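So this one's my_file-v4.cif, mmCIF, C-alpha atoms:
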```
data_upload
#
loop_
_atom_site.label_atom_id
_atom_site.label_comp_id
_atom_site.auth_asym_id
_atom_site.auth_seq_id
_atom_site.Cartn_x
_atom_site.Cartn_y
_atom_site.Cartn_z
CA MET A 1 0.00 0.00 0.00
CA THR A 2 1.05 3.61 -0.43
CA VAL A 3 1.85 5.39 2.80
CA SER A 4 1.99 9.17 2.90
CA PHE A 5 3.74 11.11 5.62
CA ILE A 6 5.87 14.18 6.17
CA LEU A 7 9.56 13.44 6.03
CA ASN A 8 12.01 16.14 7.05
CA GLY A 9 9.42 18.78 6.25
CA GLU A 10 8.31 17.42 2.87
CA ASP A 11 5.17 15.51 1.97
CA VAL A 12 6.27 12.10 0.71
CA SER A 13 4.75 8.76 -0.21
CA ALA A 14 6.28 5.31 -0.20
CA ASN A 15 5.17 1.87 -1.17
CA ALA A 16 5.18 -0.13 2.03
CA ARG A 17 4.06 -3.59 3.03
CA SER A 18 3.04 -4.63 6.52
CA VAL A 19 6.35 -6.49 6.86
CA ASP A 20 8.48 -3.36 6.34
CA ARG A 21 10.17 -1.55 9.17
CA LEU A 22 10.24 2.25 9.07
CA SER A 23 14.03 2.23 9.49
CA ASP A 24 14.39 0.13 6.32
CA THR A 25 11.96 2.27 4.36
CA LEU A 26 13.85 5.43 5.35
CA ARG A 27 17.11 3.89 4.18
CA ASP A 28 15.93 2.00 1.10
CA ALA A 29 13.22 4.24 -0.31
CA PHE A 30 14.66 7.62 0.68
CA GLY A 31 18.38 6.96 1.01
CA LEU A 32 18.44 8.33 4.56
CA VAL A 33 21.23 6.09 5.77
CA GLY A 34 21.85 8.10 8.94
CA THR A 35 19.04 5.95 10.34
CA ARG A 36 20.56 2.55 10.93
CA SER A 37 18.71 -0.69 11.33
CA ASP A 38 20.91 -2.90 13.47
CA CYS A 39 19.29 -4.70 16.41
CA ARG A 40 15.76 -4.56 14.93
CA CYS A 41 14.22 -4.81 18.38
CA GLY A 42 14.42 -1.20 19.55
CA ARG A 43 17.31 -1.68 21.94
CA CYS A 44 20.44 -0.30 20.29
CA GLY A 45 18.99 3.14 19.52
CA ARG A 46 20.79 3.51 16.21
CA CYS A 47 17.54 3.87 14.33
CA LEU A 48 16.14 6.72 16.40
CA VAL A 49 14.04 9.33 14.62
CA LEU A 50 11.61 11.98 15.78
CA LEU A 51 8.08 10.77 15.08
CA ASN A 52 5.49 13.48 15.65
CA GLY A 53 8.15 15.24 17.71
CA ARG A 54 8.97 12.26 19.88
CA LEU A 55 12.08 10.14 19.86
CA VAL A 56 11.29 6.57 18.77
CA PRO A 57 13.24 3.53 17.56
CA SER A 58 12.12 3.35 13.94
CA CYS A 59 13.07 -0.33 13.62
CA ILE A 60 10.04 -1.32 15.71
CA VAL A 61 7.67 0.98 13.88
CA PRO A 62 6.00 -0.66 10.89
CA SER A 63 6.32 1.60 7.85
CA ILE A 64 2.57 1.58 7.40
CA GLY A 65 2.22 2.95 10.94
CA ALA A 66 3.92 6.15 9.77
CA ARG A 67 0.79 7.05 7.83
CA GLY A 68 -0.08 10.72 8.33
CA LYS A 69 2.77 11.34 10.74
CA GLU A 70 5.73 13.69 10.71
CA ILE A 71 9.19 12.16 10.75
CA ILE A 72 12.50 13.92 11.24
CA THR A 73 15.69 11.96 10.67
CA ILE A 74 19.18 13.10 11.52
CA GLU A 75 19.56 14.35 7.94
CA GLY A 76 16.55 16.62 8.38
CA PHE A 77 17.54 17.71 11.86
CA ALA A 78 21.03 18.58 10.59
CA GLN A 79 19.46 21.49 8.68
CA THR A 80 18.36 23.20 11.89
CA GLU A 81 20.11 25.66 14.20
CA GLU A 82 19.36 23.38 17.15
CA TYR A 83 21.54 20.77 15.51
CA ARG A 84 24.44 23.20 15.40
CA ASP A 85 23.96 24.12 19.06
CA ILE A 86 24.16 20.46 20.04
CA VAL A 87 27.12 19.56 17.83
CA GLU A 88 29.12 22.58 19.01
CA GLY A 89 28.15 21.82 22.60
CA PHE A 90 29.35 18.24 22.17
CA TRP A 91 32.64 19.43 20.68
CA SER A 92 33.28 21.96 23.40
CA ALA A 93 32.71 19.35 26.12
CA GLY A 94 34.84 16.73 24.39
CA VAL A 95 31.97 14.39 23.65
CA GLU A 96 33.32 11.74 21.32
CA THR A 97 30.86 9.54 19.53
CA CYS A 98 31.33 6.69 17.11
CA GLY A 99 29.90 6.53 13.63
CA PHE A 100 27.01 4.40 14.84
CA CYS A 101 25.61 6.56 17.59
CA GLU A 102 26.42 10.17 16.74
CA GLY A 103 23.14 10.91 14.94
CA PRO A 104 20.93 9.16 17.50
CA LYS A 105 22.71 10.89 20.40
CA ILE A 106 22.13 14.27 18.78
CA LEU A 107 18.45 13.48 18.27
CA ALA A 108 18.14 12.17 21.82
CA MET A 109 19.71 15.37 23.16
CA ALA A 110 17.37 17.49 21.04
CA ASP A 111 14.37 15.55 22.34
CA LEU A 112 15.56 15.89 25.94
CA LEU A 113 16.03 19.67 25.70
CA GLU A 114 12.67 20.04 24.00
CA ARG A 115 10.93 18.38 26.96
CA SER A 116 13.13 19.60 29.75
CA PRO A 117 14.96 22.89 29.04
CA ARG A 118 17.18 22.56 32.13
CA PRO A 119 17.49 18.82 32.79
CA SER A 120 19.05 17.37 35.92
CA PRO A 121 22.02 14.97 35.59
CA GLY A 122 19.64 12.10 36.37
CA GLU A 123 17.26 13.17 33.62
CA ILE A 124 20.13 13.52 31.15
CA LEU A 125 21.51 10.06 31.83
CA ALA A 126 18.05 8.47 31.82
CA HIS A 127 17.16 10.11 28.53
CA MET A 128 20.45 9.29 26.84
CA SER A 129 19.93 5.64 27.81
CA SER A 130 17.84 5.47 24.63
CA VAL A 131 21.22 5.20 22.87
CA PRO A 132 23.14 2.65 24.97
CA CYS A 133 26.30 2.71 22.81
CA ARG A 134 29.22 2.76 25.26
CA CYS A 135 31.63 4.74 23.11
CA THR A 136 30.92 8.03 24.86
CA ASP A 137 32.01 9.15 28.31
CA PRO A 138 28.74 9.95 30.15
CA THR A 139 30.45 12.70 32.16
CA ALA A 140 31.28 14.45 28.90
CA ILE A 141 27.59 14.28 27.92
CA LEU A 142 26.70 15.79 31.30
CA SER A 143 29.10 18.68 30.83
CA ALA A 144 27.92 19.24 27.25
CA VAL A 145 24.37 20.06 28.32
CA PRO A 146 25.09 23.46 29.93
CA ALA A 147 27.23 24.35 26.89
CA ILE A 148 24.36 23.48 24.54
CA ILE A 149 21.85 25.40 26.64
CA GLU A 150 24.15 28.43 26.65
CA ARG A 151 24.64 28.30 22.88
CA ARG A 152 20.93 28.01 22.33
CA ALA A 153 20.16 30.90 24.68
CA ARG A 154 22.80 33.09 23.01
CA ARG A 155 21.42 32.33 19.57
CA ILE A 156 17.85 33.13 20.61
CA TYR A 157 19.02 36.32 22.31
CA ARG A 158 20.95 37.38 19.19
CA ARG A 159 17.94 36.74 17.01
CA ALA A 160 15.67 38.71 19.32
CA GLY A 161 18.09 41.63 19.12
CA GLN A 162 18.06 41.75 15.34
CA MET B 1 6.92 -13.47 4.78
CA GLN B 2 3.36 -12.66 3.86
CA ALA B 3 1.96 -9.16 3.91
CA SER B 4 -1.11 -8.52 6.06
CA GLU B 5 -4.32 -6.66 5.45
CA VAL B 6 -4.16 -3.51 7.55
CA TYR B 7 -6.96 -1.35 8.87
CA PHE B 8 -6.97 2.07 10.48
CA PRO B 9 -10.31 2.50 12.27
CA LYS B 10 -11.25 6.13 12.95
CA ASP B 11 -13.34 5.47 16.04
CA LEU B 12 -14.17 2.79 18.56
CA ALA B 13 -17.32 1.64 16.82
CA GLU B 14 -15.35 0.90 13.67
CA ALA B 15 -12.61 -0.81 15.69
CA LEU B 16 -15.14 -3.09 17.37
CA GLU B 17 -16.52 -4.04 13.98
CA PHE B 18 -13.03 -5.04 12.81
CA LEU B 19 -12.49 -6.93 16.04
CA ARG B 20 -15.26 -9.36 15.08
CA ARG B 21 -12.99 -10.85 12.44
CA PRO B 22 -11.23 -13.94 13.77
CA GLY B 23 -7.48 -13.61 14.21
CA MET B 24 -7.45 -9.80 14.00
CA LEU B 25 -4.33 -8.39 15.70
CA VAL B 26 -4.76 -5.15 17.61
CA PHE B 27 -1.68 -2.93 17.17
CA ALA B 28 -1.16 0.11 19.40
CA GLY B 29 2.48 0.84 20.29
CA GLY B 30 3.71 -2.47 18.94
CA THR B 31 6.64 -2.80 21.36
CA GLY B 32 5.28 -6.04 22.82
CA ILE B 33 4.57 -7.48 19.39
CA LEU B 34 7.85 -6.53 17.73
CA ARG B 35 10.37 -6.77 20.56
CA GLU B 36 11.36 -10.30 19.70
CA GLN B 37 11.22 -10.07 15.93
CA GLY B 38 14.84 -9.49 15.00
CA GLY B 39 14.75 -10.38 11.30
CA ARG B 40 14.62 -8.09 8.31
CA GLY B 41 10.86 -8.13 7.98
CA ILE B 42 8.08 -7.92 10.53
CA SER B 43 5.85 -10.93 10.94
CA LEU B 44 2.23 -10.03 11.57
CA PRO B 45 -0.92 -12.14 11.23
CA GLY B 46 -3.20 -11.91 8.20
CA GLU B 47 -5.21 -8.96 9.48
CA VAL B 48 -3.97 -6.11 11.65
CA MET B 49 -5.84 -3.17 13.09
CA PHE B 50 -3.84 -0.04 13.99
CA LEU B 51 -5.39 2.00 16.80
CA GLN B 52 -3.33 5.15 16.22
CA GLU B 53 -6.14 7.18 14.65
CA ILE B 54 -8.73 6.64 17.39
CA ALA B 55 -8.60 9.88 19.37
CA GLU B 56 -10.74 8.65 22.26
CA LEU B 57 -8.14 6.01 23.17
CA ARG B 58 -5.51 8.71 23.66
CA ARG B 59 -7.33 10.87 26.19
CA THR B 60 -6.43 11.35 29.82
CA SER B 61 -8.83 12.99 32.26
CA LEU B 62 -8.64 13.83 35.90
CA THR B 63 -11.46 14.13 38.42
CA GLU B 64 -11.28 14.55 42.15
CA ARG B 65 -11.42 10.81 42.74
CA PHE B 66 -10.05 9.18 39.60
CA LEU B 67 -7.46 9.46 36.90
CA GLU B 68 -8.81 8.04 33.65
CA ILE B 69 -6.27 6.98 31.06
CA GLY B 70 -7.03 5.96 27.48
CA ALA B 71 -5.59 2.58 26.55
CA ALA B 72 -3.47 4.00 23.72
CA VAL B 73 -1.85 6.67 25.90
CA THR B 74 1.88 6.04 25.74
CA LEU B 75 3.89 5.57 28.90
CA SER B 76 5.71 8.85 28.17
CA GLU B 77 2.39 10.68 27.91
CA LEU B 78 1.31 9.01 31.13
CA LEU B 79 4.41 10.29 32.90
CA GLU B 80 3.67 13.79 31.60
CA VAL B 81 0.42 13.78 33.60
CA GLY B 82 2.75 14.86 36.40
CA ASP B 83 3.54 13.85 39.94
CA SER B 84 0.64 15.79 41.42
CA ALA B 85 -1.94 13.60 39.66
CA LEU B 86 -0.18 10.36 38.82
CA PRO B 87 0.01 7.84 41.69
CA PRO B 88 3.72 7.33 42.52
CA LEU B 89 3.43 3.54 42.16
CA LEU B 90 2.15 3.83 38.60
CA ALA B 91 4.69 6.53 37.72
CA GLU B 92 7.53 4.39 38.95
CA ALA B 93 6.25 1.35 37.09
CA ALA B 94 5.95 3.31 33.84
CA ARG B 95 9.41 4.81 34.32
CA GLY B 96 10.84 1.31 34.67
CA VAL B 97 9.74 0.25 31.19
CA GLY B 98 12.49 0.28 28.55
CA THR B 99 14.17 3.52 27.53
CA PRO B 100 12.50 6.93 27.00
CA ALA B 101 12.34 6.15 23.26
CA ILE B 102 10.56 2.84 23.91
CA ARG B 103 8.17 4.58 26.31
CA ASN B 104 7.27 6.98 23.50
CA LEU B 105 5.77 3.99 21.66
CA ALA B 106 4.63 1.61 24.41
CA THR B 107 1.06 2.14 25.56
CA LEU B 108 -0.54 1.45 28.92
CA GLY B 109 -3.17 -0.73 27.25
CA GLY B 110 -0.52 -2.83 25.54
CA ASN B 111 1.38 -3.18 28.79
CA VAL B 112 -1.65 -4.54 30.63
CA ALA B 113 -3.14 -6.56 27.77
CA ALA B 114 -0.03 -8.71 27.18
CA ARG B 115 -1.24 -12.28 26.92
CA ASP B 116 1.93 -14.23 27.69
CA ARG B 117 3.00 -12.54 30.94
CA PHE B 118 2.28 -9.66 33.27
CA MET B 119 4.21 -6.56 32.30
CA ASP B 120 5.51 -3.81 34.54
CA CYS B 121 2.37 -1.74 35.10
CA TRP B 122 0.06 -4.55 36.17
CA PRO B 123 1.33 -4.87 39.78
CA ALA B 124 1.03 -1.11 40.31
CA LEU B 125 -2.49 -0.99 38.88
CA ALA B 126 -3.45 -4.11 40.86
CA CYS B 127 -2.18 -2.56 44.07
CA LEU B 128 -4.16 0.60 43.35
CA ASP B 129 -7.29 -1.47 42.60
CA ALA B 130 -7.56 0.20 39.20
CA LEU B 131 -10.40 -0.64 36.86
CA VAL B 132 -10.07 -1.46 33.20
CA GLU B 133 -12.77 -0.78 30.65
CA LEU B 134 -13.25 -3.54 28.11
CA ARG B 135 -15.45 -3.18 25.09
CA ASP B 136 -16.71 -5.90 22.83
CA ARG B 137 -19.68 -6.49 20.59
CA ASP B 138 -21.93 -6.96 23.63
CA GLY B 139 -21.10 -3.66 25.25
CA THR B 140 -18.85 -2.19 27.90
CA THR B 141 -17.53 -3.88 31.02
CA TRP B 142 -15.56 -2.31 33.84
CA MET B 143 -13.39 -4.85 35.58
CA ASN B 144 -10.83 -4.68 38.39
CA VAL B 145 -7.39 -5.38 36.89
CA ASN B 146 -6.98 -8.08 39.55
CA ARG B 147 -9.58 -10.08 37.65
CA LEU B 148 -7.24 -10.37 34.68
CA VAL B 149 -5.55 -13.25 36.53
CA GLY B 150 -6.60 -16.86 35.99
CA SER B 151 -6.90 -19.52 38.69
CA ASP B 152 -3.42 -20.70 37.64
CA ARG B 153 -2.15 -17.13 38.34
CA ARG B 154 -1.37 -16.66 34.66
CA PRO B 155 -2.79 -13.81 32.55
CA ALA B 156 -6.43 -14.42 31.73
CA PHE B 157 -7.37 -11.66 29.38
CA PRO B 158 -10.94 -11.92 28.05
CA GLU B 159 -10.93 -12.94 24.39
CA GLY B 160 -12.54 -10.71 21.82
CA GLY B 161 -12.45 -7.59 23.99
CA LEU B 162 -10.65 -4.33 23.44
CA VAL B 163 -9.08 -2.46 26.35
CA THR B 164 -10.24 1.10 26.02
CA ARG B 165 -9.64 2.91 29.30
CA PHE B 166 -8.24 2.64 32.82
CA ARG B 167 -9.71 4.25 35.92
CA VAL B 168 -7.17 4.69 38.68
CA PRO B 169 -8.50 5.71 42.11
CA LEU B 170 -6.68 8.72 43.53
CA GLU B 171 -6.11 7.86 47.16
CA ARG B 172 -3.63 8.97 49.73
CA TRP B 173 -0.92 6.40 50.42
CA ASP B 174 1.43 6.71 53.37
CA ALA B 175 3.94 4.12 52.23
CA THR B 176 4.60 2.75 48.77
CA LEU B 177 7.31 0.57 47.30
CA LEU B 178 7.86 -0.57 43.74
CA ARG B 179 10.80 -2.73 42.72
CA LYS B 180 11.66 -4.52 39.54
CA VAL B 181 13.61 -7.73 40.04
CA GLY B 182 15.70 -9.64 37.56
CA PRO B 183 17.45 -8.33 34.43
CA SER B 184 16.27 -4.76 34.10
CA ASP B 185 16.28 -4.32 30.36
CA TYR B 186 13.95 -7.04 29.22
CA PRO B 187 10.97 -9.01 30.47
CA SER B 188 11.97 -12.66 30.86
CA SER B 189 11.05 -15.67 33.00
CA ASP B 190 13.17 -14.35 35.87
CA THR B 191 11.87 -10.77 35.87
CA ALA B 192 8.95 -9.55 37.94
CA VAL B 193 7.66 -6.38 39.56
CA PHE B 194 6.77 -5.97 43.23
CA ALA B 195 4.32 -3.29 44.32
CA PHE B 196 3.27 -2.34 47.84
CA ALA B 197 0.95 0.39 49.11
CA ALA B 198 -0.23 1.06 52.65
CA ARG B 199 -2.35 3.66 54.39
CA ALA B 200 -3.06 4.43 58.02
CA GLU B 201 -5.89 6.36 59.66
CA LYS B 202 -5.24 7.76 63.14
CA GLY B 203 -2.27 5.47 63.54
CA ILE B 204 -4.20 2.33 62.55
CA LEU B 205 -3.31 0.39 59.42
CA VAL B 206 -6.36 0.44 57.13
CA GLU B 207 -4.85 -0.70 53.81
CA ALA B 208 -1.77 -2.80 53.03
CA ARG B 209 -1.68 -4.22 49.54
CA ILE B 210 1.00 -6.29 47.86
CA ALA B 211 1.08 -7.35 44.22
CA PHE B 212 3.90 -9.25 42.57
CA ALA B 213 3.84 -10.32 38.95
CA GLY B 214 6.02 -11.65 36.19
CA GLU B 215 4.99 -14.75 34.31
CA SER B 216 2.44 -15.32 37.05
CA ALA B 217 0.77 -12.97 39.52
CA LEU B 218 0.41 -12.89 43.30
CA ARG B 219 -2.16 -10.82 45.13
CA SER B 220 -3.99 -12.04 48.21
CA PRO B 221 -6.73 -9.82 49.68
CA SER B 222 -7.33 -12.43 52.42
CA LEU B 223 -3.69 -12.26 53.51
CA GLU B 224 -3.79 -8.48 53.31
CA SER B 225 -6.79 -8.35 55.63
CA THR B 226 -4.99 -10.31 58.37
CA ILE B 227 -2.75 -7.36 59.17
CA LEU B 228 -5.31 -4.56 58.94
CA GLY B 229 -6.40 -2.86 62.13
CA ARG B 230 -2.94 -3.06 63.72
CA ARG B 231 -1.50 0.04 65.33
CA LEU B 232 1.54 1.53 63.64
CA PRO B 233 4.43 1.18 63.87
CA LEU B 234 4.18 -2.61 63.69
CA SER B 235 6.29 -4.51 66.17
CA ALA B 236 9.12 -6.57 64.71
CA ARG B 237 7.13 -9.68 65.58
CA GLU B 238 3.99 -8.48 63.78
CA ALA B 239 5.99 -7.52 60.69
CA ALA B 240 7.75 -10.90 60.63
CA ALA B 241 4.45 -12.79 61.05
CA ALA B 242 2.85 -10.84 58.18
CA ALA B 243 5.85 -11.46 55.94
CA GLU B 244 5.81 -15.17 56.77
CA GLY B 245 2.31 -15.57 55.31
CA TYR B 246 3.47 -14.07 52.04
CA ARG B 247 6.50 -16.35 51.90
CA ALA B 248 4.19 -19.35 52.05
CA LEU B 249 2.11 -17.85 49.24
CA ALA B 250 5.22 -17.53 47.06
CA SER B 251 6.41 -21.09 47.63
CA ASP B 252 5.75 -22.13 44.05
CA LEU B 253 7.69 -19.24 42.49
CA PRO B 254 11.05 -20.05 40.85
CA GLU B 255 13.69 -20.10 43.61
CA GLY B 256 15.42 -16.83 42.67
CA LEU B 257 12.18 -14.91 42.36
CA GLY B 258 10.83 -16.43 45.58
CA LEU B 259 13.89 -15.27 47.51
CA GLN B 260 13.69 -11.76 46.09
CA PHE B 261 9.98 -11.62 46.82
CA GLY B 262 10.70 -12.56 50.45
CA VAL B 263 13.27 -9.78 50.78
CA LEU B 264 10.88 -7.24 49.28
CA VAL B 265 8.02 -8.30 51.56
CA ASP B 266 10.35 -7.85 54.55
CA GLY B 267 11.27 -4.44 53.20
CA ALA B 268 7.63 -3.46 52.73
CA PHE B 269 6.59 -4.45 56.26
CA GLY B 270 9.80 -2.90 57.50
CA LEU B 271 8.43 0.44 56.25
CA LEU B 272 5.46 -0.06 58.58
CA SER B 273 7.54 -0.93 61.61
CA ARG B 274 9.59 2.29 61.63
#
```
Spell out the structure here as structure tokens.
Amino acid sequence: MTVSFILNGEDVSANARSVDRLSDTLRDAFGLVGTRSDCRCGRCGRCLVLLNGRLVPSCIVPSIGARGKEIITIEGFAQTEEYRDIVEGFWSAGVETCGFCEGPKILAMADLLERSPRPSPGEILAHMSSVPCRCTDPTAILSAVPAIIERRARRIYRRAGQ
Amino acid sequence: MQASEVYFPKDLAEALEFLRRPGMLVFAGGTGILREQGGRGISLPGEVMFLQEIAELRRTSLTERFLEIGAAVTLSELLEVGDSALPPLLAEAARGVGTPAIRNLATLGGNVAARDRFMDCWPALACLDALVELRDRDGTTWMNVNRLVGSDRRPAFPEGGLVTRFRVPLERWDATLLRKVGPSDYPSSDTAVFAFAARAEKGILVEARIAFAGESALRSPSLESTILGRRLPLSAREAAAAAEGYRALASDLPEGLGLQFGVLVDGAFGLLSR
């Protein structure tokens, strides 16, 4: 069946069967390979996308379930200023990620700051557990958050002043 | 792998019509259905009904006495109800499910309607004496979640019914305890959840409920009633006697779970003896 949804801000349609996972459709039909499809049971977090503004593992979402929804992948999120705030915040705090988890960790951080503008260390660690890849020092993630918040605040302040 | 026929009912009436078809799979969050399907494709039965477009299953409402939660409310949305309205036992149970990303998909209805085992929220809801609304072709039934247990203590979910809503009584609790035992990341034969809630009036214990569930469930109102009416704090002897009754009840649990249950029961009655 044809499934229509909004992908990174554009109306799109894809041919999907009930057996297809959203992560595979994003990769195969749209070439969005920043969404990986590794564990296929929602545990590794490498397939995270924002579905209707919420972080979800797209490997346990059937493609047909995306009908009428809005999906943002790391490729789409990379076009935003929030993405830059997070990446620069990660750099400044020495957050090192591997090729598998960088995109999902950025999306997870974006989702966290959207729901909790000033998260506690407990909230940060709990939220980032959606991407359990052990390549990153959790203390670096903790120290990145104030840097990201500061960058975001400065950007908003600059824009307001223009 | 064969493709299924899929349906997206717009309201409950349409969903109940689809539910008449034999073998129809109800799909809400899908985490319970897909968590063990690691292959390239998803395996679903011949006909699947997605509940995502039924607005009435996603509503939450609050009155003075009850919190009503639509069955397709996700665990993340449930947690967003906030600490002032959400009973701590239920909040803690929801928080213990998977990761935040999984909780954005997993629904309360799916958590309670699992057929093969009791999932994390059941013990909390059982302890709170929550009601579940079931709808089928014959109408609507409200049922205490404790009645979703068969005589063999295994899940006994009524066939052909659709979980549509939960009604959680909002009561004051003076002591609560919720603990997940076993491997934390995945439900398996050696995982279970322990829930305890107690309330006193003028220093007298008036409620003390314990629910424990994994592959099977334990809840004993008769055992609970034996300790009611005692003055708090309980003496060490009273607490030990109460815990002993529960140990006997758990004698047929797997050894590891039985031991952990005993420790948690001691801990729960320990809260009442301080």
Got a sec to pull out which chain A residues are within 10 Å of chain B, counting only C-alpha atoms, and send them as a PyMOL selection string? chain A and resi 1+16-21+24+37-43+45+48-51+54-62+64-68+108+111-112+115+126-132
When the PyMOL selection byres ((chain A and resi 77) around 12) is applied to the file above, which residues end up in the set, as a PyMOL selection string? chain A and resi 7-9+32+34-35+48-50+53+71-76+78-87+103-104+106-111
Can you list, as a list of chain:residue names, the residues that the PyMOL selection byres ((chain B and resi 219-224) around 10) selects here? B:Pro123, B:Ala126, B:Cys127, B:Asn146, B:Val149, B:Arg153, B:Ala195, B:Glu207, B:Ala208, B:Arg209, B:Ile210, B:Ala211, B:Phe212, B:Ala213, B:Ala217, B:Leu218, B:Ser225, B:Thr226, B:Ile227, B:Leu228, B:Ala242, B:Ala243, B:Gly245, B:Tyr246, B:Leu249
Selection to disk with C-alpha atoms, as a compact mmCIF listing (two decimals), in the coordinates of the input:
```
# COMPACT_ATOMS: atom_id res chain seq x y z
CA PRO B 123 1.33 -4.87 39.78
CA ALA B 126 -3.45 -4.11 40.86
CA CYS B 127 -2.18 -2.56 44.07
CA ASN B 146 -6.98 -8.08 39.55
CA VAL B 149 -5.55 -13.25 36.53
CA ARG B 153 -2.15 -17.13 38.34
CA ALA B 195 4.32 -3.29 44.32
CA GLU B 207 -4.85 -0.70 53.81
CA ALA B 208 -1.77 -2.80 53.03
CA ARG B 209 -1.68 -4.22 49.54
CA ILE B 210 1.00 -6.29 47.86
CA ALA B 211 1.08 -7.35 44.22
CA PHE B 212 3.90 -9.25 42.57
CA ALA B 213 3.84 -10.32 38.95
CA ALA B 217 0.77 -12.97 39.52
CA LEU B 218 0.41 -12.89 43.30
CA SER B 225 -6.79 -8.35 55.63
CA THR B 226 -4.99 -10.31 58.37
CA ILE B 227 -2.75 -7.36 59.17
CA LEU B 228 -5.31 -4.56 58.94
CA ALA B 242 2.85 -10.84 58.18
CA ALA B 243 5.85 -11.46 55.94
CA GLY B 245 2.31 -15.57 55.31
CA TYR B 246 3.47 -14.07 52.04
CA LEU B 249 2.11 -17.85 49.24
```
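Here atom CA of B:Asp174 is placed at a distance of 11.9 Å from atom CA of B:Lys202.
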Just the number, please: distance in Å from atom CA of A:Leu125 to atom CA of B:Gly82, one decimal.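 We find that atom CA of A:Leu125 and atom CA of B:Gly82 lie 19.9 Å from each other.
From atom CA of B:Trp122 back to atom CA of B:Val145, the distance works out to 7.5 Å.
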Would you list the contacts of A:Cys133 as a list in words, taking every protein, DNA or RNA residue within 12 Å and counting all atoms listed in the file, but skipping same-chain residues closer than 6 positions in sequence?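 Close residues of A:Cys133: Arg43, Cys44, Gly45, Arg46, Glu96, Thr97, Cys98, Gly99, Phe100, Cys101, Glu102, Gly103, Pro104 and Lys105 of chain A.
The residue that comes closest to B:Ser216, out of B:Arg20, B:Arg58, B:Arg115, B:Lys10 and on the basis of all atoms listed in the file, is B:Arg115.
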Just say which residues the PyMOL selection byres ((chain B and resi 67) around 10) picks in this file, as an mmCIF file with C-alpha atoms, in the frame of the given file.
```
data_model
loop_
_atom_site.group_PDB
_atom_site.id
_atom_site.type_symbol
_atom_site.label_atom_id
_atom_site.label_comp_id
_atom_site.auth_asym_id
_atom_site.auth_seq_id
_atom_site.Cartn_x
_atom_site.Cartn_y
_atom_site.Cartn_z
ATOM 1 C CA THR B 60 -6.430 11.350 29.820
ATOM 2 C CA SER B 61 -8.830 12.990 32.260
ATOM 3 C CA LEU B 62 -8.640 13.830 35.900
ATOM 4 C CA THR B 63 -11.460 14.130 38.420
ATOM 5 C CA GLU B 64 -11.280 14.550 42.150
ATOM 6 C CA ARG B 65 -11.420 10.810 42.740
ATOM 7 C CA PHE B 66 -10.050 9.180 39.600
ATOM 8 C CA GLU B 68 -8.810 8.040 33.650
ATOM 9 C CA ILE B 69 -6.270 6.980 31.060
ATOM 10 C CA VAL B 81 0.420 13.780 33.600
ATOM 11 C CA ALA B 85 -1.940 13.600 39.660
ATOM 12 C CA LEU B 86 -0.180 10.360 38.820
ATOM 13 C CA PRO B 87 0.010 7.840 41.690
ATOM 14 C CA ALA B 130 -7.560 0.200 39.200
ATOM 15 C CA PHE B 166 -8.240 2.640 32.820
ATOM 16 C CA ARG B 167 -9.710 4.250 35.920
ATOM 17 C CA VAL B 168 -7.170 4.690 38.680
ATOM 18 C CA PRO B 169 -8.500 5.710 42.110
ATOM 19 C CA LEU B 170 -6.680 8.720 43.530
#
```
Would you list the contacts of B:Ser251 as a PDB file with C-alpha atoms, in the frame of the given file, taking every protein, DNA or RNA residue within 12 Å and counting only C-alpha atoms, but skipping same-chain residues closer than 5 positions in sequence?
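out_28.pdb, written as the output of this step:
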```pdb
ATOM      1  CA  LEU B 218       0.410 -12.890  43.300  1.00  0.00           C
ATOM      2  CA  GLU B 244       5.810 -15.170  56.770  1.00  0.00           C
ATOM      3  CA  GLY B 245       2.310 -15.570  55.310  1.00  0.00           C
ATOM      4  CA  TYR B 246       3.470 -14.070  52.040  1.00  0.00           C
ATOM      5  CA  GLY B 256      15.420 -16.830  42.670  1.00  0.00           C
ATOM      6  CA  LEU B 257      12.180 -14.910  42.360  1.00  0.00           C
ATOM      7  CA  GLY B 258      10.830 -16.430  45.580  1.00  0.00           C
ATOM      8  CA  LEU B 259      13.890 -15.270  47.510  1.00  0.00           C
ATOM      9  CA  GLN B 260      13.690 -11.760  46.090  1.00  0.00           C
ATOM     10  CA  PHE B 261       9.980 -11.620  46.820  1.00  0.00           C
ATOM     11  CA  GLY B 262      10.700 -12.560  50.450  1.00  0.00           C
TER      12      GLY B 262
END
```
Using only C-alpha atoms, can you list as a list in words the residues within 10 Å of (-16.3, -4.2, 16.9)?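 Here the neighbourhood of the point contains Leu12, Ala13, Glu14, Ala15, Leu16, Glu17, Phe18, Leu19, Arg20, Arg21, Arg135, Asp136, Arg137, Asp138, Gly139, Gly160, Gly161 and Leu162 of chain B.
Within 12 Å of the point (-5.8, 9.2, 58.5) in file coordinates, and counting all atoms listed in the file, lie the residues Glu171, Arg172, Trp173, Asp174, Ala198, Arg199, Ala200, Glu201, Lys202, Gly203, Ile204, Leu205, Val206, Glu207 and Leu232 of chain B.
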Which residue is closest to B:Ala114? Choose from B:Glu215, B:Asp11, B:Glu238, B:Glu255 and count all atoms listed in the file.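 So, comparing all the options, the nearest one is B:Glu215.
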When distances are computed from only C-alpha atoms, which of A:Ile6, A:Ala29, A:Ala140, A:Ala160 shows the smallest separation from A:Asn52? A:Ile6
Write out as a list of chain:residue names the residues lying within 12 Å of A:Ala147, counting only C-alpha atoms and excluding same-chain residues fewer than 6 positions away.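 Within the cut-off, the hits are A:Arg84, A:Asp85, A:Ile86, A:Val87, A:Glu88, A:Gly89, A:Phe90, A:Trp91, A:Ser92, A:Ala93, A:Gly94, A:Val95, A:Arg118, A:Ala140, A:Ile141, A:Ala153, A:Arg154.
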